[in-house]
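Data from coords11.txt: compact mmCIF, C-alpha atoms
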```txt
# COMPACT_ATOMS: atom_id res chain seq x y z
CA MET A 1 23.80 11.14 7.58
CA GLN A 2 26.57 8.55 7.46
CA ILE A 3 28.25 7.84 4.11
CA ILE A 4 29.95 4.48 3.57
CA THR A 5 32.07 3.82 0.48
CA LEU A 6 32.98 0.29 -0.60
CA GLU A 7 35.13 -1.02 -3.44
CA VAL A 8 34.22 -4.45 -4.74
CA THR A 9 37.06 -6.92 -4.92
CA ASP A 10 35.00 -9.98 -5.79
CA SER A 11 31.99 -10.46 -8.02
CA ASN A 12 28.69 -12.19 -8.66
CA LYS A 13 27.28 -11.60 -5.17
CA ARG A 14 23.97 -9.84 -4.61
CA ILE A 15 24.51 -6.29 -3.46
CA ASP A 16 22.37 -6.62 -0.32
CA ALA A 17 24.43 -9.63 0.76
CA PHE A 18 27.69 -7.89 -0.14
CA ILE A 19 26.80 -4.86 2.00
CA ALA A 20 25.84 -7.07 4.94
CA ASP A 21 29.11 -9.02 4.65
CA ASN A 22 31.30 -5.91 4.48
CA THR A 23 29.63 -3.49 6.91
CA ASP A 24 27.74 -3.49 10.21
CA ILE A 25 24.50 -3.08 8.22
CA THR A 26 22.14 -6.06 8.34
CA ARG A 27 20.89 -7.55 5.09
CA SER A 28 17.31 -6.47 5.77
CA ARG A 29 18.50 -2.93 6.49
CA ALA A 30 20.54 -3.01 3.28
CA THR A 31 17.43 -4.07 1.37
CA SER A 32 15.54 -1.11 2.84
CA LEU A 33 18.33 1.34 1.97
CA LEU A 34 18.42 0.00 -1.59
CA ALA A 35 14.63 0.29 -1.95
CA ASP A 36 14.76 3.91 -0.79
CA GLY A 37 17.44 4.81 -3.33
CA ASN A 38 20.15 5.34 -0.70
CA VAL A 39 22.69 3.08 -2.42
CA THR A 40 24.46 3.82 -5.70
CA VAL A 41 26.85 1.73 -7.76
CA ASN A 42 29.19 3.75 -9.93
CA GLY A 43 26.85 6.69 -9.45
CA LYS A 44 23.64 4.84 -10.36
CA VAL A 45 20.85 3.57 -8.09
CA LYS A 46 20.57 -0.23 -8.08
CA GLY A 47 18.02 -2.74 -6.78
CA LYS A 48 18.70 -5.44 -4.20
CA SER A 49 19.15 -8.20 -6.81
CA TYR A 50 22.01 -6.42 -8.58
CA LYS A 51 25.13 -8.60 -8.59
CA VAL A 52 28.31 -6.70 -7.83
CA LYS A 53 31.31 -6.74 -10.13
CA THR A 54 35.00 -6.33 -9.39
CA GLY A 55 35.86 -2.64 -9.43
CA ASP A 56 32.34 -1.40 -8.61
CA GLN A 57 32.24 1.68 -6.38
CA ILE A 58 29.37 1.44 -3.89
CA VAL A 59 28.22 4.49 -1.94
CA ILE A 60 25.75 3.98 0.91
CA ASN A 61 23.92 6.94 2.46
CA VAL A 62 22.72 5.88 5.89
CA PRO A 63 20.13 8.34 7.29
CA ASP A 64 20.46 9.36 10.92
CA PRO A 65 18.28 7.22 13.20
CA VAL A 66 14.98 8.75 14.24
CA GLU A 67 13.42 8.03 17.61
CA LEU A 68 9.87 6.99 16.88
CA ASP A 69 7.17 6.55 19.47
CA ALA A 70 3.53 6.22 18.47
CA LYS A 71 1.31 7.87 21.07
CA PRO A 72 -2.40 7.32 21.75
CA GLN A 73 -4.62 10.17 20.56
CA ASP A 74 -8.34 10.68 21.11
CA ILE A 75 -9.31 10.82 17.43
CA PRO A 76 -12.83 9.78 16.36
CA LEU A 77 -13.01 6.45 14.54
CA ASP A 78 -15.76 5.13 12.27
CA ILE A 79 -15.85 1.55 13.57
CA VAL A 80 -18.00 -0.75 11.45
CA TYR A 81 -17.42 -3.86 13.57
CA GLU A 82 -15.46 -4.79 16.68
CA ASP A 83 -14.93 -7.83 18.90
CA ASP A 84 -12.12 -9.27 21.07
CA ASP A 85 -10.02 -10.24 18.04
CA LEU A 86 -10.40 -7.48 15.49
CA LEU A 87 -11.92 -4.23 14.30
CA VAL A 88 -13.18 -3.16 10.89
CA VAL A 89 -12.62 0.57 10.45
CA ASN A 90 -13.89 2.94 7.77
CA LYS A 91 -10.91 5.25 7.17
CA PRO A 92 -11.58 8.76 5.86
CA LYS A 93 -9.69 10.28 2.95
CA GLY A 94 -6.65 12.20 4.16
CA MET A 95 -5.86 10.03 7.19
CA VAL A 96 -2.48 8.28 7.23
CA VAL A 97 -2.61 4.68 8.47
CA HIS A 98 0.53 4.59 10.62
CA PRO A 99 3.12 7.06 11.94
CA ALA A 100 6.47 7.61 10.25
CA ALA A 101 9.27 10.14 10.52
CA GLY A 102 7.83 13.61 9.92
CA ASN A 103 4.26 12.40 10.37
CA MET A 104 3.92 11.13 13.93
CA GLU A 105 0.44 12.29 14.90
CA GLY A 106 -3.12 12.15 13.66
CA THR A 107 -2.78 8.69 12.12
CA LEU A 108 -5.11 5.73 12.34
CA VAL A 109 -2.61 3.96 14.64
CA ASN A 110 -2.63 6.93 17.05
CA ALA A 111 -6.42 6.67 17.20
CA LEU A 112 -6.36 2.87 17.59
CA LEU A 113 -3.88 3.01 20.47
CA PHE A 114 -6.27 5.28 22.35
CA HIS A 115 -9.44 3.35 21.49
CA CYS A 116 -7.99 -0.12 22.16
CA LYS A 117 -5.88 1.02 25.13
CA GLY A 118 -2.83 -0.51 23.49
CA ARG A 119 -4.44 -3.93 22.95
CA LEU A 120 -3.28 -4.50 19.40
CA SER A 121 -1.18 -7.16 17.70
CA GLY A 122 2.55 -6.58 17.73
CA ILE A 123 3.53 -8.54 14.62
CA ASN A 124 4.27 -5.43 12.55
CA GLY A 125 6.19 -3.64 15.29
CA VAL A 126 5.54 -0.67 17.54
CA MET A 127 4.81 1.75 14.71
CA ARG A 128 2.21 -0.44 12.99
CA PRO A 129 0.40 -2.25 15.82
CA GLY A 130 -2.63 -4.17 14.61
CA ILE A 131 -2.17 -3.16 10.98
CA VAL A 132 -2.82 -6.23 8.81
CA HIS A 133 -3.09 -4.34 5.51
CA ARG A 134 -2.98 -0.69 4.52
CA ILE A 135 -4.71 1.74 2.23
CA ASP A 136 -3.15 4.97 1.01
CA LYS A 137 -3.61 8.29 2.79
CA ASP A 138 -5.96 9.68 0.14
CA THR A 139 -7.86 6.42 -0.37
CA SER A 140 -10.96 6.11 1.80
CA GLY A 141 -12.68 2.98 3.02
CA LEU A 142 -12.53 -0.26 4.97
CA LEU A 143 -9.56 -1.97 6.52
CA ILE A 144 -9.16 -4.60 9.18
CA VAL A 145 -7.17 -4.26 12.42
CA ALA A 146 -6.02 -7.20 14.58
CA LYS A 147 -6.11 -7.01 18.37
CA ASN A 148 -3.81 -9.97 18.98
CA ASP A 149 -1.03 -11.83 17.20
CA ALA A 150 -3.06 -14.99 16.57
CA ALA A 151 -5.81 -13.06 14.79
CA HIS A 152 -3.21 -11.08 12.85
CA ALA A 153 -1.43 -14.22 11.62
CA HIS A 154 -4.74 -15.85 10.63
CA LEU A 155 -5.88 -12.82 8.64
CA ALA A 156 -2.48 -12.27 7.03
CA GLU A 157 -2.48 -15.86 5.80
CA GLN A 158 -5.85 -15.29 4.11
CA ILE A 159 -4.42 -12.28 2.30
CA LYS A 160 -1.39 -14.33 1.26
CA GLU A 161 -3.64 -17.12 -0.05
CA HIS A 162 -5.89 -14.61 -1.91
CA SER A 163 -8.98 -15.70 0.02
CA PHE A 164 -9.46 -12.27 1.62
CA THR A 165 -12.08 -10.24 -0.27
CA ARG A 166 -11.10 -6.65 -1.13
CA GLU A 167 -13.34 -4.67 -3.46
CA TYR A 168 -12.90 -1.01 -4.36
CA GLU A 169 -14.77 1.53 -6.42
CA ALA A 170 -13.06 4.25 -8.42
CA VAL A 171 -13.65 6.86 -11.06
CA VAL A 172 -10.97 6.63 -13.74
CA TYR A 173 -10.06 8.74 -16.74
CA GLY A 174 -11.37 7.78 -20.17
CA ASN A 175 -13.96 5.39 -21.54
CA ILE A 176 -13.14 1.76 -20.74
CA LYS A 177 -14.57 -0.17 -23.68
CA ALA A 178 -14.74 -3.66 -22.18
CA ASP A 179 -17.44 -4.25 -19.57
CA ASN A 180 -14.95 -6.20 -17.45
CA GLY A 181 -11.42 -7.48 -17.55
CA SER A 182 -8.26 -8.32 -15.64
CA ILE A 183 -4.87 -6.69 -15.39
CA ASP A 184 -2.08 -9.19 -14.79
CA ALA A 185 1.15 -7.20 -14.65
CA PRO A 186 4.01 -7.39 -12.10
CA ILE A 187 4.62 -4.39 -9.84
CA GLY A 188 7.88 -3.28 -8.28
CA ARG A 189 9.77 -0.17 -7.28
CA HIS A 190 10.03 2.39 -10.10
CA PRO A 191 13.55 2.05 -11.57
CA VAL A 192 14.12 5.84 -11.47
CA LYS A 193 11.45 7.41 -9.23
CA ARG A 194 12.25 5.38 -6.14
CA LYS A 195 9.24 6.58 -4.11
CA GLN A 196 6.85 5.33 -6.79
CA MET A 197 5.79 1.89 -7.95
CA ALA A 198 5.55 0.74 -11.55
CA VAL A 199 4.74 -2.20 -13.79
CA THR A 200 8.19 -3.67 -14.27
CA ALA A 201 9.90 -7.01 -14.78
CA GLN A 202 12.79 -6.07 -12.46
CA ASN A 203 12.59 -6.77 -8.71
CA SER A 204 8.81 -7.09 -8.95
CA LYS A 205 6.02 -9.31 -7.67
CA ASN A 206 3.02 -10.64 -9.56
CA ALA A 207 -0.05 -8.42 -9.31
CA VAL A 208 -3.59 -9.07 -10.52
CA THR A 209 -6.53 -6.64 -10.52
CA HIS A 210 -10.01 -7.44 -11.85
CA TYR A 211 -12.36 -4.64 -12.96
CA THR A 212 -16.03 -4.23 -13.86
CA VAL A 213 -17.53 -1.15 -15.46
CA LEU A 214 -20.43 0.29 -13.44
CA LYS A 215 -21.17 3.38 -15.53
CA ARG A 216 -19.58 5.34 -18.36
CA PHE A 217 -19.52 9.14 -18.47
CA GLY A 218 -17.62 9.72 -21.68
CA GLU A 219 -14.44 11.27 -20.28
CA PHE A 220 -14.61 9.14 -17.12
CA THR A 221 -15.68 5.62 -16.11
CA HIS A 222 -17.01 4.44 -12.74
CA VAL A 223 -15.55 1.00 -12.00
CA ARG A 224 -15.55 -1.72 -9.39
CA LEU A 225 -12.15 -3.30 -8.74
CA ARG A 226 -11.26 -6.53 -6.98
CA LEU A 227 -7.75 -7.21 -5.74
CA GLU A 228 -6.38 -10.70 -6.21
CA THR A 229 -3.01 -9.58 -4.85
CA GLY A 230 -2.16 -6.61 -2.63
CA ARG A 231 0.88 -4.75 -3.89
CA THR A 232 1.68 -1.17 -2.90
CA HIS A 233 -0.42 1.29 -4.96
CA GLN A 234 -1.65 -1.69 -7.01
CA ILE A 235 -4.93 -0.26 -8.32
CA ARG A 236 -3.42 3.15 -9.03
CA VAL A 237 -0.47 1.66 -10.90
CA HIS A 238 -2.52 -0.88 -12.85
CA MET A 239 -5.18 1.58 -13.97
CA SER A 240 -2.51 4.08 -15.05
CA TYR A 241 -0.73 1.25 -16.89
CA ILE A 242 -3.78 0.54 -19.08
CA GLY A 243 -4.31 4.23 -19.78
CA HIS A 244 -7.13 4.84 -17.30
CA ALA A 245 -5.51 6.45 -14.25
CA VAL A 246 -7.66 7.08 -11.18
CA ALA A 247 -9.20 10.56 -11.26
CA GLY A 248 -7.44 12.94 -8.89
CA ASP A 249 -4.30 10.82 -8.59
CA GLU A 250 -1.43 13.27 -8.26
CA VAL A 251 1.26 10.61 -8.63
CA TYR A 252 0.12 8.24 -11.38
CA GLY A 253 -2.41 10.44 -13.19
CA PRO A 254 -2.02 13.26 -15.73
CA LYS A 255 -0.29 16.52 -14.83
CA ASN A 256 -3.55 18.53 -14.94
CA VAL A 257 -4.85 16.73 -11.85
CA ILE A 258 -8.36 17.40 -10.53
CA LYS A 259 -7.47 19.33 -7.37
CA SER A 260 -11.02 19.44 -6.01
CA LEU A 261 -10.91 15.69 -5.26
CA GLY A 262 -8.03 16.10 -2.82
CA GLY A 263 -6.36 12.93 -4.06
CA GLN A 264 -7.42 9.82 -5.95
CA CYS A 265 -11.13 9.02 -6.28
CA LEU A 266 -10.72 5.54 -4.82
CA HIS A 267 -12.74 3.89 -2.05
CA ALA A 268 -12.19 0.52 -0.35
CA LYS A 269 -15.84 -0.46 -0.37
CA LYS A 270 -16.00 -4.10 0.70
CA ILE A 271 -13.90 -6.56 2.68
CA GLY A 272 -14.63 -10.18 3.49
CA PHE A 273 -12.71 -12.74 5.55
CA ILE A 274 -12.97 -15.82 7.71
CA HIS A 275 -13.08 -14.81 11.35
CA PRO A 276 -9.94 -16.11 13.12
CA SER A 277 -11.86 -17.46 16.14
CA THR A 278 -15.28 -18.51 14.83
CA ASN A 279 -14.13 -19.64 11.35
CA GLN A 280 -17.26 -17.98 9.97
CA TYR A 281 -17.08 -15.87 6.82
CA MET A 282 -17.84 -12.19 7.46
CA GLU A 283 -18.32 -9.44 4.90
CA PHE A 284 -18.69 -5.69 5.31
CA ASP A 285 -19.74 -3.04 2.82
CA SER A 286 -19.42 0.72 3.19
CA GLU A 287 -21.29 3.53 1.49
CA LEU A 288 -19.45 5.73 -0.96
CA PRO A 289 -18.23 8.88 0.82
CA GLN A 290 -19.51 12.36 0.05
CA TYR A 291 -16.53 13.44 -2.08
CA PHE A 292 -17.06 10.39 -4.31
CA ASN A 293 -20.82 10.85 -4.70
CA SER A 294 -20.40 14.57 -5.37
CA PHE A 295 -18.02 13.81 -8.23
CA LEU A 296 -20.48 11.27 -9.66
CA ASP A 297 -23.33 13.80 -9.39
CA LYS A 298 -21.37 16.36 -11.40
CA MET A 299 -21.04 13.89 -14.27
CA ASN A 300 -24.66 12.67 -14.31
```

Any chance you could put this one into structure tokens?
Amino acid sequence: MQIITLEVTDSNKRIDAFIADNTDITRSRATSLLADGNVTVNGKVKGKSYKVKTGDQIVINVPDPVELDAKPQDIPLDIVYEDDDLLVVNKPKGMVVHPAAGNMEGTLVNALLFHCKGRLSGINGVMRPGIVHRIDKDTSGLLIVAKNDAAHAHLAEQIKEHSFTREYEAVVYGNIKADNGSIDAPIGRHPVKRKQMAVTAQNSKNAVTHYTVLKRFGEFTHVRLRLETGRTHQIRVHMSYIGHAVAGDEVYGPKNVIKSLGGQCLHAKKIGFIHPSTNQYMEFDSELPQYFNSFLDKMN
């Protein structure tokens, strides 16, 4: 761990730019360090848009570099569709999408590198080859993987333009009274718990989730959710924000979490997109997994 201490002698400059101008740290790296809570100003964690003031004391904790190398592993994949441009994979609960420090094996990327013999898009770097969008470790369901950069760029643009269909099903706490509705609330890094996301006006991006009630069980509600945007932990944060956290969610749910679910009861059930080569719309639907159906059966 390297510790860098700076004293501000000018003011009104964004902290990420100030760090880049006064150290060997790039601005993008500074942004990452700020997001991870590794930068404090006068003893307090600040976001990247904070504007420094004369006399501020900035302390930067730079973690030691970690050599990362994703390796192919012969791990079974539930492939729903595959062609020369892309794959649609049904990810099981408990599988991490891509390797990271401390979790280098057993991920979806490790399995994809073996299955595709390395033929994956490189837009997101060597640790996230082919990964166009992600779902959380304990969220099950469908995601799309690009085999080349052209397909990746085409699919990413659809996500950016909100024309990429992503529908989920979840069981949430409480009785949602309205049959359907929308949650339009910006999401950004939690101001205190830096590893969590939150509905916040600071350093956030717009986020919209639409929901439809499928069945009510009194203490729980089975819902369908459609993402208009794709922020980190969006569904989990939004449902917690309106008082109906996803059942089993150990991060955004109540303290007395339902341990038997092994994480949030959330499944990426449907995706739809325009194929990057044929320009034809394609849509895929997956069955609810056993853990999800078992929980529903207990409430019926």

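Interatomic distance, CA of Phe220 (chain A) against CA of Ile258 (chain A): 12.3 Å.
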
Find the residues near region 201-210 of chain A: any atom within 7 Å, counting only C-alpha atoms, skip ones fewer than 6 places away on the same chain, and give them as a short mmCIF file (atom, residue, chain, number, x, y, z; two decimals) with C-alpha atoms, in the frame of the given file.
```
data_model
loop_
_atom_site.label_atom_id
_atom_site.label_comp_id
_atom_site.auth_asym_id
_atom_site.auth_seq_id
_atom_site.Cartn_x
_atom_site.Cartn_y
_atom_site.Cartn_z
CA SER A 49 19.15 -8.20 -6.81
CA GLY A 181 -11.42 -7.48 -17.55
CA SER A 182 -8.26 -8.32 -15.64
CA ILE A 183 -4.87 -6.69 -15.39
CA ASP A 184 -2.08 -9.19 -14.79
CA ALA A 185 1.15 -7.20 -14.65
CA PRO A 186 4.01 -7.39 -12.10
CA ILE A 187 4.62 -4.39 -9.84
CA GLY A 188 7.88 -3.28 -8.28
CA LEU A 225 -12.15 -3.30 -8.74
CA ARG A 226 -11.26 -6.53 -6.98
CA LEU A 227 -7.75 -7.21 -5.74
CA GLU A 228 -6.38 -10.70 -6.21
CA THR A 229 -3.01 -9.58 -4.85
CA ARG A 231 0.88 -4.75 -3.89
CA ILE A 235 -4.93 -0.26 -8.32
#
```

Using only C-alpha atoms, pick whichever of A:Glu7, A:Glu283, A:Asp24, A:Asp16 has the shortest atom-to-atom distance to Val39 (chain A).
A:Asp16

Can you tell me which residues surround Ala35 (chain A) at a distance of at most 8 Å, considering all atoms listed in the file, apart from same-chain residues fewer than 5 positions away, and format the answer as a PyMOL selection string?
chain A and resi 47-48+189+194

Within 9 Å of region 87-96 of chain A using only C-alpha atoms, minus same-chain residues under 4 positions, as a VMD selection string:
chain A and resid 77 to 83 103 106 to 109 135 to 147 262 to 263 267 to 268 271 284 286 289

Around region 123-131 of chain A, fit a box with edges along x, y and z, padding it by 3 Å on each side, then list its centre and edge lengths in Å to one decimal as AutoDock Vina command-line options.
```
--center_x 1.8 --center_y -3.4 --center_z 14.3 --size_x 14.8 --size_y 16.3 --size_z 12.6
```

Take the point (21.7, -2.5, 6.5) in the file's coordinates, draw a sphere of radius 12 Å around it, and report as a PyMOL selection string every protein, DNA or RNA residue with an atom inside or on it, counting all atoms listed in the file.
chain A and resi 4+15-36+38-39+48+60-63

Written selection (C-alpha atoms) as a short mmCIF file (atom, residue, chain, number, x, y, z; two decimals), keeping the file's coordinate frame:
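To be explicit, this is the file written out as again_14.cif:
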```
data_model
loop_
_atom_site.label_atom_id
_atom_site.label_comp_id
_atom_site.auth_asym_id
_atom_site.auth_seq_id
_atom_site.Cartn_x
_atom_site.Cartn_y
_atom_site.Cartn_z
CA ILE A 4 29.95 4.48 3.57
CA ILE A 15 24.51 -6.29 -3.46
CA ASP A 16 22.37 -6.62 -0.32
CA ALA A 17 24.43 -9.63 0.76
CA PHE A 18 27.69 -7.89 -0.14
CA ILE A 19 26.80 -4.86 2.00
CA ALA A 20 25.84 -7.07 4.94
CA ASP A 21 29.11 -9.02 4.65
CA ASN A 22 31.30 -5.91 4.48
CA THR A 23 29.63 -3.49 6.91
CA ASP A 24 27.74 -3.49 10.21
CA ILE A 25 24.50 -3.08 8.22
CA THR A 26 22.14 -6.06 8.34
CA ARG A 27 20.89 -7.55 5.09
CA SER A 28 17.31 -6.47 5.77
CA ARG A 29 18.50 -2.93 6.49
CA ALA A 30 20.54 -3.01 3.28
CA THR A 31 17.43 -4.07 1.37
CA SER A 32 15.54 -1.11 2.84
CA LEU A 33 18.33 1.34 1.97
CA LEU A 34 18.42 0.00 -1.59
CA ALA A 35 14.63 0.29 -1.95
CA ASP A 36 14.76 3.91 -0.79
CA ASN A 38 20.15 5.34 -0.70
CA VAL A 39 22.69 3.08 -2.42
CA LYS A 48 18.70 -5.44 -4.20
CA ILE A 60 25.75 3.98 0.91
CA ASN A 61 23.92 6.94 2.46
CA VAL A 62 22.72 5.88 5.89
CA PRO A 63 20.13 8.34 7.29
#
```

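Taking only C-alpha atoms into account, Thr232 (chain A) lies nearest to A:His133 out of the set A:His133, A:Ala150, A:Leu288, A:Thr5.
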
If I take CA of Val223 (chain A) and CA of Asn256 (chain A), how far is one from the other in Å, to one decimal?
21.4 Å

Could you pull the residues within 9 Å of Thr221 (chain A), counting all atoms listed in the file, minus those fewer than 5 positions along the same chain, as JSON, numbers by chain?
{"A": [170, 171, 172, 173, 174, 175, 176, 213, 214, 215, 216, 244]}

Give me the residues near Ala151 (chain A) as a list of chain:residue names, where near means some atom within 12 Å (using all atoms listed in the file) and where sequence neighbours in that chain fewer than 4 positions away do not count.
A:Asp83, A:Asp84, A:Asp85, A:Leu86, A:Leu87, A:Leu120, A:Ser121, A:Gly122, A:Ile123, A:Gly130, A:Ile131, A:Val132, A:Ile144, A:Val145, A:Ala146, A:Lys147, A:Leu155, A:Ala156, A:Glu157, A:Gln158, A:Phe273, A:Ile274, A:His275, A:Pro276, A:Ser277, A:Thr278, A:Asn279

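Counting from CA of Gln73 (chain A), the distance to CA of Pro129 (chain A) is 14.2 Å.
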